[in-house]
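Source file: start34.cif; contents: mmCIF, C-alpha atoms.
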data_run
loop_
_atom_site.label_atom_id
_atom_site.label_comp_id
_atom_site.auth_asym_id
_atom_site.auth_seq_id
_atom_site.Cartn_x
_atom_site.Cartn_y
_atom_site.Cartn_z
CA MET A 1 27.09 -19.95 -3.76
CA ILE A 2 29.53 -22.70 -2.77
CA LEU A 3 28.94 -24.37 0.57
CA ASN A 4 31.74 -25.99 2.55
CA ALA A 5 31.25 -29.62 3.52
CA PRO A 6 29.36 -29.93 6.85
CA PRO A 7 31.59 -30.54 9.90
CA ARG A 8 32.12 -34.12 11.02
CA PRO A 9 30.00 -35.34 13.96
CA PRO A 10 31.55 -34.64 17.37
CA ALA A 11 33.69 -37.36 18.89
CA SER A 12 30.93 -38.06 21.41
CA GLY A 13 28.91 -39.60 18.61
CA ARG A 14 26.26 -36.85 18.50
CA LYS A 15 25.19 -36.02 14.99
CA GLY A 16 24.96 -32.54 13.50
CA PRO A 17 21.63 -30.90 12.53
CA PRO A 18 19.32 -32.97 10.29
CA ARG A 19 19.78 -32.35 6.58
CA ARG A 20 16.24 -31.01 6.25
CA ALA A 21 16.90 -28.41 8.94
CA LEU A 22 20.22 -27.50 7.31
CA ALA A 23 18.51 -27.05 3.94
CA LEU A 24 15.90 -24.80 5.55
CA VAL A 25 18.59 -22.64 7.11
CA VAL A 26 20.37 -22.29 3.76
CA CYS A 27 17.12 -21.46 1.97
CA LEU A 28 16.21 -18.82 4.54
CA ALA A 29 19.66 -17.32 4.20
CA VAL A 30 19.21 -17.01 0.46
CA VAL A 31 15.76 -15.42 0.85
CA THR A 32 17.11 -13.00 3.43
CA ALA A 33 19.89 -11.97 1.04
CA GLY A 34 17.28 -11.35 -1.68
CA CYS A 35 16.24 -13.50 -4.63
CA GLN A 36 15.59 -12.62 -8.25
CA ALA A 37 13.27 -14.47 -10.62
CA VAL A 38 15.20 -16.38 -13.25
CA PRO A 39 13.79 -15.93 -16.80
CA THR A 40 12.43 -19.10 -18.30
CA THR A 41 14.39 -20.15 -21.35
CA THR A 42 13.99 -22.79 -23.97
CA PRO A 43 16.11 -23.98 -26.90
CA GLY A 44 14.83 -22.36 -30.08
CA PRO A 45 15.36 -23.49 -33.65
CA SER A 46 18.99 -24.35 -34.42
CA GLY A 47 19.62 -24.80 -30.70
CA GLN A 48 19.71 -21.15 -29.62
CA VAL A 49 18.41 -20.54 -26.11
CA ARG A 50 15.95 -17.67 -25.93
CA ASP A 51 13.44 -16.24 -23.50
CA ARG A 52 10.06 -17.90 -23.73
CA VAL A 53 6.58 -16.69 -22.95
CA GLY A 54 4.84 -17.89 -19.81
CA PRO A 55 2.61 -20.95 -19.65
CA GLY A 56 -0.44 -18.83 -20.47
CA GLY A 57 1.06 -17.74 -23.80
CA PRO A 58 1.93 -14.22 -25.00
CA THR A 59 0.36 -11.36 -23.06
CA GLU A 60 -0.31 -7.71 -23.84
CA ALA A 61 3.05 -6.95 -22.24
CA ASP A 62 4.64 -9.13 -24.95
CA GLY A 63 2.86 -7.09 -27.61
CA ARG A 64 -0.17 -9.28 -28.14
CA LEU A 65 -3.02 -7.07 -29.36
CA PRO A 66 -6.74 -7.51 -28.78
CA HIS A 67 -9.03 -7.82 -31.79
CA GLY A 68 -9.86 -4.43 -33.25
CA ALA A 69 -6.79 -2.58 -31.93
CA THR A 70 -5.69 0.47 -33.89
CA VAL A 71 -2.64 2.71 -33.90
CA LEU A 72 -4.56 5.04 -31.56
CA ASP A 73 -4.38 2.48 -28.74
CA GLU A 74 -1.03 3.75 -27.52
CA ASN A 75 -1.60 2.31 -24.04
CA LEU A 76 -1.02 -1.16 -25.50
CA ALA A 77 2.62 -2.25 -25.61
CA GLY A 78 2.22 -3.57 -29.16
CA ILE A 79 1.30 -0.04 -30.28
CA GLY A 80 3.17 2.15 -27.82
CA ASN A 81 6.53 0.52 -28.62
CA LEU A 82 6.29 1.10 -32.37
CA ASP A 83 8.90 3.25 -34.08
CA PRO A 84 7.56 6.83 -33.70
CA ALA A 85 7.88 7.65 -37.40
CA LEU A 86 6.01 4.50 -38.38
CA ALA A 87 3.28 5.22 -35.84
CA ASP A 88 2.91 8.81 -37.08
CA ALA A 89 2.54 7.68 -40.69
CA LEU A 90 0.00 5.06 -39.73
CA ARG A 91 -2.01 7.56 -37.68
CA GLN A 92 -2.26 9.85 -40.70
CA ALA A 93 -3.33 6.99 -42.93
CA THR A 94 -5.84 5.79 -40.35
CA ALA A 95 -7.46 9.22 -40.16
CA ASP A 96 -7.74 9.52 -43.94
CA ALA A 97 -9.01 5.98 -44.36
CA ALA A 98 -11.75 6.71 -41.83
CA ASP A 99 -13.06 9.40 -44.20
CA ALA A 100 -13.59 6.56 -46.68
CA GLU A 101 -15.29 4.51 -43.94
CA ILE A 102 -12.30 2.17 -43.72
CA GLU A 103 -11.00 1.24 -40.28
CA ILE A 104 -7.32 0.34 -40.29
CA GLN A 105 -6.72 -2.16 -37.51
CA VAL A 106 -3.36 -3.41 -36.29
CA SER A 107 -3.39 -7.15 -35.72
CA SER A 108 0.28 -7.17 -34.67
CA GLY A 109 2.81 -4.43 -34.06
CA TRP A 110 5.77 -4.45 -31.70
CA ARG A 111 6.53 -7.87 -30.20
CA SER A 112 8.85 -8.96 -27.44
CA ALA A 113 11.65 -11.33 -28.40
CA ALA A 114 9.89 -14.03 -26.37
CA TYR A 115 6.66 -13.54 -28.34
CA GLN A 116 8.54 -13.66 -31.64
CA ASN A 117 10.29 -16.86 -30.62
CA HIS A 118 6.94 -18.34 -29.61
CA LEU A 119 5.56 -17.59 -33.09
CA LEU A 120 8.66 -19.05 -34.72
CA GLU A 121 8.39 -22.27 -32.75
CA GLN A 122 4.72 -22.54 -33.75
CA ALA A 123 5.63 -21.98 -37.40
CA VAL A 124 8.26 -24.72 -37.31
CA GLY A 125 5.62 -27.07 -35.94
CA THR A 126 3.07 -25.99 -38.53
CA TYR A 127 5.30 -26.05 -41.60
CA GLY A 128 7.50 -28.95 -40.54
CA SER A 129 10.93 -27.36 -40.92
CA GLU A 130 12.92 -24.27 -40.01
CA ALA A 131 13.50 -23.52 -43.70
CA GLU A 132 9.79 -23.40 -44.51
CA ALA A 133 8.94 -21.53 -41.32
CA ALA A 134 11.50 -18.86 -42.26
CA ARG A 135 9.29 -17.93 -45.23
CA TRP A 136 6.68 -16.68 -42.76
CA VAL A 137 8.25 -15.88 -39.40
CA ALA A 138 11.58 -14.18 -38.69
CA THR A 139 13.85 -14.91 -35.76
CA PRO A 140 13.78 -12.56 -32.75
CA GLU A 141 17.20 -11.29 -33.82
CA THR A 142 16.02 -10.19 -37.28
CA SER A 143 12.30 -9.50 -36.88
CA LEU A 144 11.18 -5.97 -37.72
CA HIS A 145 8.32 -6.47 -35.28
CA VAL A 146 10.75 -6.89 -32.39
CA SER A 147 12.42 -3.61 -33.33
CA GLY A 148 9.00 -1.93 -33.67
CA GLU A 149 9.47 -1.21 -37.38
CA ALA A 150 6.62 -3.30 -38.84
CA VAL A 151 2.88 -3.67 -38.46
CA ASP A 152 0.41 -6.30 -39.62
CA ILE A 153 -2.84 -4.76 -40.84
CA ALA A 154 -6.43 -6.01 -40.77
CA PRO A 155 -9.12 -6.46 -42.04
CA TYR A 156 -8.96 -7.11 -45.76
CA ASP A 157 -10.52 -3.80 -46.83
CA ALA A 158 -7.90 -1.94 -44.79
CA ILE A 159 -5.11 -3.98 -46.40
CA ASP A 160 -6.57 -3.22 -49.82
CA TRP A 161 -6.84 0.51 -49.05
CA LEU A 162 -3.25 0.72 -47.80
CA SER A 163 -1.97 -1.28 -50.76
CA ARG A 164 -3.42 1.40 -53.04
CA PHE A 165 -2.76 4.55 -51.03
CA GLY A 166 -0.14 3.62 -48.45
CA ALA A 167 2.82 4.83 -50.51
CA SER A 168 1.73 8.45 -50.09
CA TYR A 169 2.25 7.97 -46.34
CA GLY A 170 5.46 6.01 -46.81
CA LEU A 171 3.72 2.75 -45.86
CA CYS A 172 4.67 -0.18 -48.07
CA GLN A 173 4.02 -3.87 -48.37
CA VAL A 174 7.37 -5.62 -48.22
CA TYR A 175 6.70 -9.32 -48.87
CA ALA A 176 4.58 -10.71 -51.69
CA ASN A 177 3.41 -13.59 -49.51
CA GLU A 178 2.40 -11.32 -46.61
CA SER A 179 0.02 -8.70 -47.93
CA TRP A 180 -0.81 -7.62 -44.36
CA HIS A 181 2.80 -6.71 -43.45
CA PHE A 182 3.69 -3.01 -43.83
CA GLU A 183 6.85 -1.07 -43.08
CA LEU A 184 7.86 2.58 -43.37
CA ARG A 185 9.65 3.64 -46.54
CA PRO A 186 9.85 7.46 -46.35
CA ASP A 187 10.93 7.82 -50.00
CA ALA A 188 7.81 6.04 -51.18
CA ALA A 189 5.83 9.27 -51.08
CA THR A 190 7.80 10.52 -54.09
CA ALA A 191 9.41 7.41 -55.57
CA GLY A 192 6.76 4.81 -54.85
CA CYS A 193 7.19 1.62 -52.88
CA PRO A 194 10.15 -0.59 -53.82
CA ALA A 195 9.64 -4.01 -55.38
CA GLN A 196 8.47 -6.60 -52.89
CA TYR A 197 10.54 -9.59 -51.86
CA PRO A 198 8.89 -12.95 -52.66
CA ASP A 199 9.10 -13.80 -48.96
CA PRO A 200 11.35 -12.98 -45.96
CA THR A 201 14.01 -15.50 -46.99
CA SER A 202 14.82 -13.21 -49.95
CA ASP A 203 15.26 -10.19 -47.67
CA PRO A 204 18.99 -9.58 -46.94
CA ARG A 205 18.05 -8.09 -43.56
CA MET A 206 17.02 -11.55 -42.41
CA SER A 207 20.63 -12.71 -42.75
CA ARG A 208 22.23 -10.10 -40.50
#

Encoded form using structure tokens:
Amino acid sequence: MILNAPPRPPASGRKGPPRRALALVVCLAVVTAGCQAVPTTTPGPSGQVRDRVGPGGPTEADGRLPHGATVLDENLAGIGNLDPALADALRQATADAADAEIEIQVSSGWRSAAYQNHLLEQAVGTYGSEAEAARWVATPETSLHVSGEAVDIAPYDAIDWLSRFGASYGLCQVYANESWHFELRPDAATAGCPAQYPDPTSDPRMSR
């Protein structure tokens, strides 16, 4: 909105309305017209401006999962927003693992772009550079978590079970440095899982 300059005081010397009153009138006019909340943004690595999580940190709406969540907790955004084919494969694996008294938990599934950016900023602070952070955390634009196509598995016995039997469900470890990270590879049921990348920086998808 562009406001015209206030009119000059009348020739009689009387002044116009006080500035505080004028500001109140303008504010009320804006509220009456309807206001929308403006997303909070922050410069990310390399200067990009991205949405950021609120001051309380990532929430369940951003995909943050409580301890012990499984693929059956579809009411949680981090589970409910997963790629349907990935979720189906993980449900089958979870049921079969339970027969072996193994509980497959999902420590992270779908994430909002803001959540992913939050994790990336933390990684830059932890590892000291964007280059080193990229070995562990993808950008919101390239993350398979943001697209709902990846899950992080816990605890260790579940990771071990999926590393041995996951291929029959099309569930594969993708990065050698992230044993907990699994993605869907439908051909793995017959051809086995493809060779793992040393880390995400070797994955051509991270350069798109």

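Going from atom CA of A:His67 over to atom CA of A:Phe182, you cover 18.2 Å.
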
Tell me, as a ChimeraX atom specification, which residues lie within 9 Å of A:His118, counting all atoms listed in the file; anything in the same chain fewer than 5 positions away does not count. /A:44,52-53,57-58,113,123

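For the pair atom CA of A:Asp62 and atom CA of A:Leu144, the interatomic distance is 14.7 Å.
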
Give me, as CSV, the closest atom pair and its distance (Å, one decimal) for every residue of stretch 86-124 of chain A within a cut-off of 9 Å of stretch 135-138 of chain A, counting all atoms listed in the file, rows sorted by chain and rising number.
residue,atom,partner,partner_atom,distance
A:Gln116,CA,A:Ala138,CA,7.7
A:Asn117,CA,A:Ala138,CA,8.6
A:Leu119,CA,A:Val137,CA,7.1
A:Leu120,CA,A:Val137,CA,5.7
A:Ala123,CA,A:Val137,CA,6.9

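Applied to the shown file, the PyMOL selection byres ((chain A and resi 104) around 7) selects the residues A:Thr70, A:Thr94, A:Ile102, A:Glu103, A:Gln105, A:Val106, A:Ile153, A:Ala154, A:Ala158.
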
Which is closer to A:Asp157 than all the others in A:Asn75, A:Glu130, A:Ser179, A:Gln122, using only C-alpha atoms? A:Ser179

Of A:Ala150, A:Glu121, A:Ala93, A:Arg208, the one sitting nearest A:Ala167 when using only C-alpha atoms is A:Ala93

Which residue, A:Ala100, A:Leu90, A:Ala61, A:Ala95, has the smallest gap to A:Cys172 when you use all atoms listed in the file? A:Leu90

Because the input lacks atoms here, generate N, CA and C atoms for stretch 146-172 of chain A and report them as a JSON list (two decimals), in the coordinates of the input.
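Wrote rebuild_38.json, looks like this:
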[["chain", "number", "residue", "atom", "x", "y", "z"],
["A", 146, "VAL", "N", 10.04, -7.02, -33.66],
["A", 146, "VAL", "CA", 10.75, -6.89, -32.39],
["A", 146, "VAL", "C", 11.39, -5.51, -32.26],
["A", 147, "SER", "N", 11.83, -4.96, -33.36],
["A", 147, "SER", "CA", 12.42, -3.61, -33.33],
["A", 147, "SER", "C", 11.35, -2.52, -33.44],
["A", 148, "GLY", "N", 10.09, -2.91, -33.59],
["A", 148, "GLY", "CA", 9.00, -1.93, -33.67],
["A", 148, "GLY", "C", 8.88, -1.25, -35.02],
["A", 149, "GLU", "N", 9.45, -1.86, -36.06],
["A", 149, "GLU", "CA", 9.47, -1.21, -37.38],
["A", 149, "GLU", "C", 8.52, -1.85, -38.39],
["A", 150, "ALA", "N", 7.58, -2.66, -37.92],
["A", 150, "ALA", "CA", 6.62, -3.30, -38.84],
["A", 150, "ALA", "C", 5.28, -3.45, -38.15],
["A", 151, "VAL", "N", 4.23, -3.43, -38.96],
["A", 151, "VAL", "CA", 2.88, -3.67, -38.46],
["A", 151, "VAL", "C", 2.17, -4.64, -39.40],
["A", 152, "ASP", "N", 1.30, -5.46, -38.84],
["A", 152, "ASP", "CA", 0.41, -6.30, -39.62],
["A", 152, "ASP", "C", -0.97, -5.67, -39.56],
["A", 153, "ILE", "N", -1.59, -5.51, -40.71],
["A", 153, "ILE", "CA", -2.84, -4.76, -40.84],
["A", 153, "ILE", "C", -4.02, -5.70, -41.06],
["A", 154, "ALA", "N", -5.17, -5.30, -40.56],
["A", 154, "ALA", "CA", -6.43, -6.01, -40.77],
["A", 154, "ALA", "C", -7.54, -4.96, -40.76],
["A", 155, "PRO", "N", -8.74, -5.28, -41.26],
["A", 155, "PRO", "CA", -9.12, -6.46, -42.04],
["A", 155, "PRO", "C", -8.74, -6.29, -43.51],
["A", 156, "TYR", "N", -9.37, -7.12, -44.36],
["A", 156, "TYR", "CA", -8.96, -7.11, -45.76],
["A", 156, "TYR", "C", -9.16, -5.75, -46.42],
["A", 157, "ASP", "N", -10.29, -5.08, -46.14],
["A", 157, "ASP", "CA", -10.52, -3.80, -46.83],
["A", 157, "ASP", "C", -9.49, -2.75, -46.43],
["A", 158, "ALA", "N", -8.96, -2.86, -45.21],
["A", 158, "ALA", "CA", -7.90, -1.94, -44.79],
["A", 158, "ALA", "C", -6.59, -2.28, -45.50],
["A", 159, "ILE", "N", -6.30, -3.57, -45.65],
["A", 159, "ILE", "CA", -5.11, -3.98, -46.40],
["A", 159, "ILE", "C", -5.21, -3.49, -47.84],
["A", 160, "ASP", "N", -6.37, -3.65, -48.43],
["A", 160, "ASP", "CA", -6.57, -3.22, -49.82],
["A", 160, "ASP", "C", -6.40, -1.70, -49.94],
["A", 161, "TRP", "N", -6.95, -0.95, -49.00],
["A", 161, "TRP", "CA", -6.84, 0.51, -49.05],
["A", 161, "TRP", "C", -5.39, 0.94, -48.93],
["A", 162, "LEU", "N", -4.66, 0.35, -47.97],
["A", 162, "LEU", "CA", -3.25, 0.72, -47.80],
["A", 162, "LEU", "C", -2.39, 0.27, -48.98],
["A", 163, "SER", "N", -2.75, -0.83, -49.61],
["A", 163, "SER", "CA", -1.97, -1.28, -50.76],
["A", 163, "SER", "C", -2.09, -0.29, -51.91],
["A", 164, "ARG", "N", -3.20, 0.43, -51.96],
["A", 164, "ARG", "CA", -3.42, 1.40, -53.04],
["A", 164, "ARG", "C", -2.95, 2.80, -52.68],
["A", 165, "PHE", "N", -3.07, 3.18, -51.43],
["A", 165, "PHE", "CA", -2.76, 4.55, -51.03],
["A", 165, "PHE", "C", -1.64, 4.68, -50.01],
["A", 166, "GLY", "N", -1.14, 3.56, -49.51],
["A", 166, "GLY", "CA", -0.14, 3.62, -48.45],
["A", 166, "GLY", "C", 1.15, 4.31, -48.83],
["A", 167, "ALA", "N", 1.55, 4.23, -50.09],
["A", 167, "ALA", "CA", 2.82, 4.83, -50.51],
["A", 167, "ALA", "C", 2.87, 6.32, -50.23],
["A", 168, "SER", "N", 1.74, 7.01, -50.33],
["A", 168, "SER", "CA", 1.73, 8.45, -50.09],
["A", 168, "SER", "C", 2.02, 8.78, -48.63],
["A", 169, "TYR", "N", 1.92, 7.80, -47.75],
["A", 169, "TYR", "CA", 2.25, 7.97, -46.34],
["A", 169, "TYR", "C", 3.60, 7.32, -46.01],
["A", 170, "GLY", "N", 4.22, 6.73, -47.02],
["A", 170, "GLY", "CA", 5.46, 6.01, -46.81],
["A", 170, "GLY", "C", 5.26, 4.60, -46.28],
["A", 171, "LEU", "N", 4.04, 4.09, -46.36],
["A", 171, "LEU", "CA", 3.72, 2.75, -45.86],
["A", 171, "LEU", "C", 3.67, 1.76, -47.01],
["A", 172, "CYS", "N", 4.52, 0.75, -46.94],
["A", 172, "CYS", "CA", 4.67, -0.18, -48.07],
["A", 172, "CYS", "C", 4.56, -1.63, -47.64]]
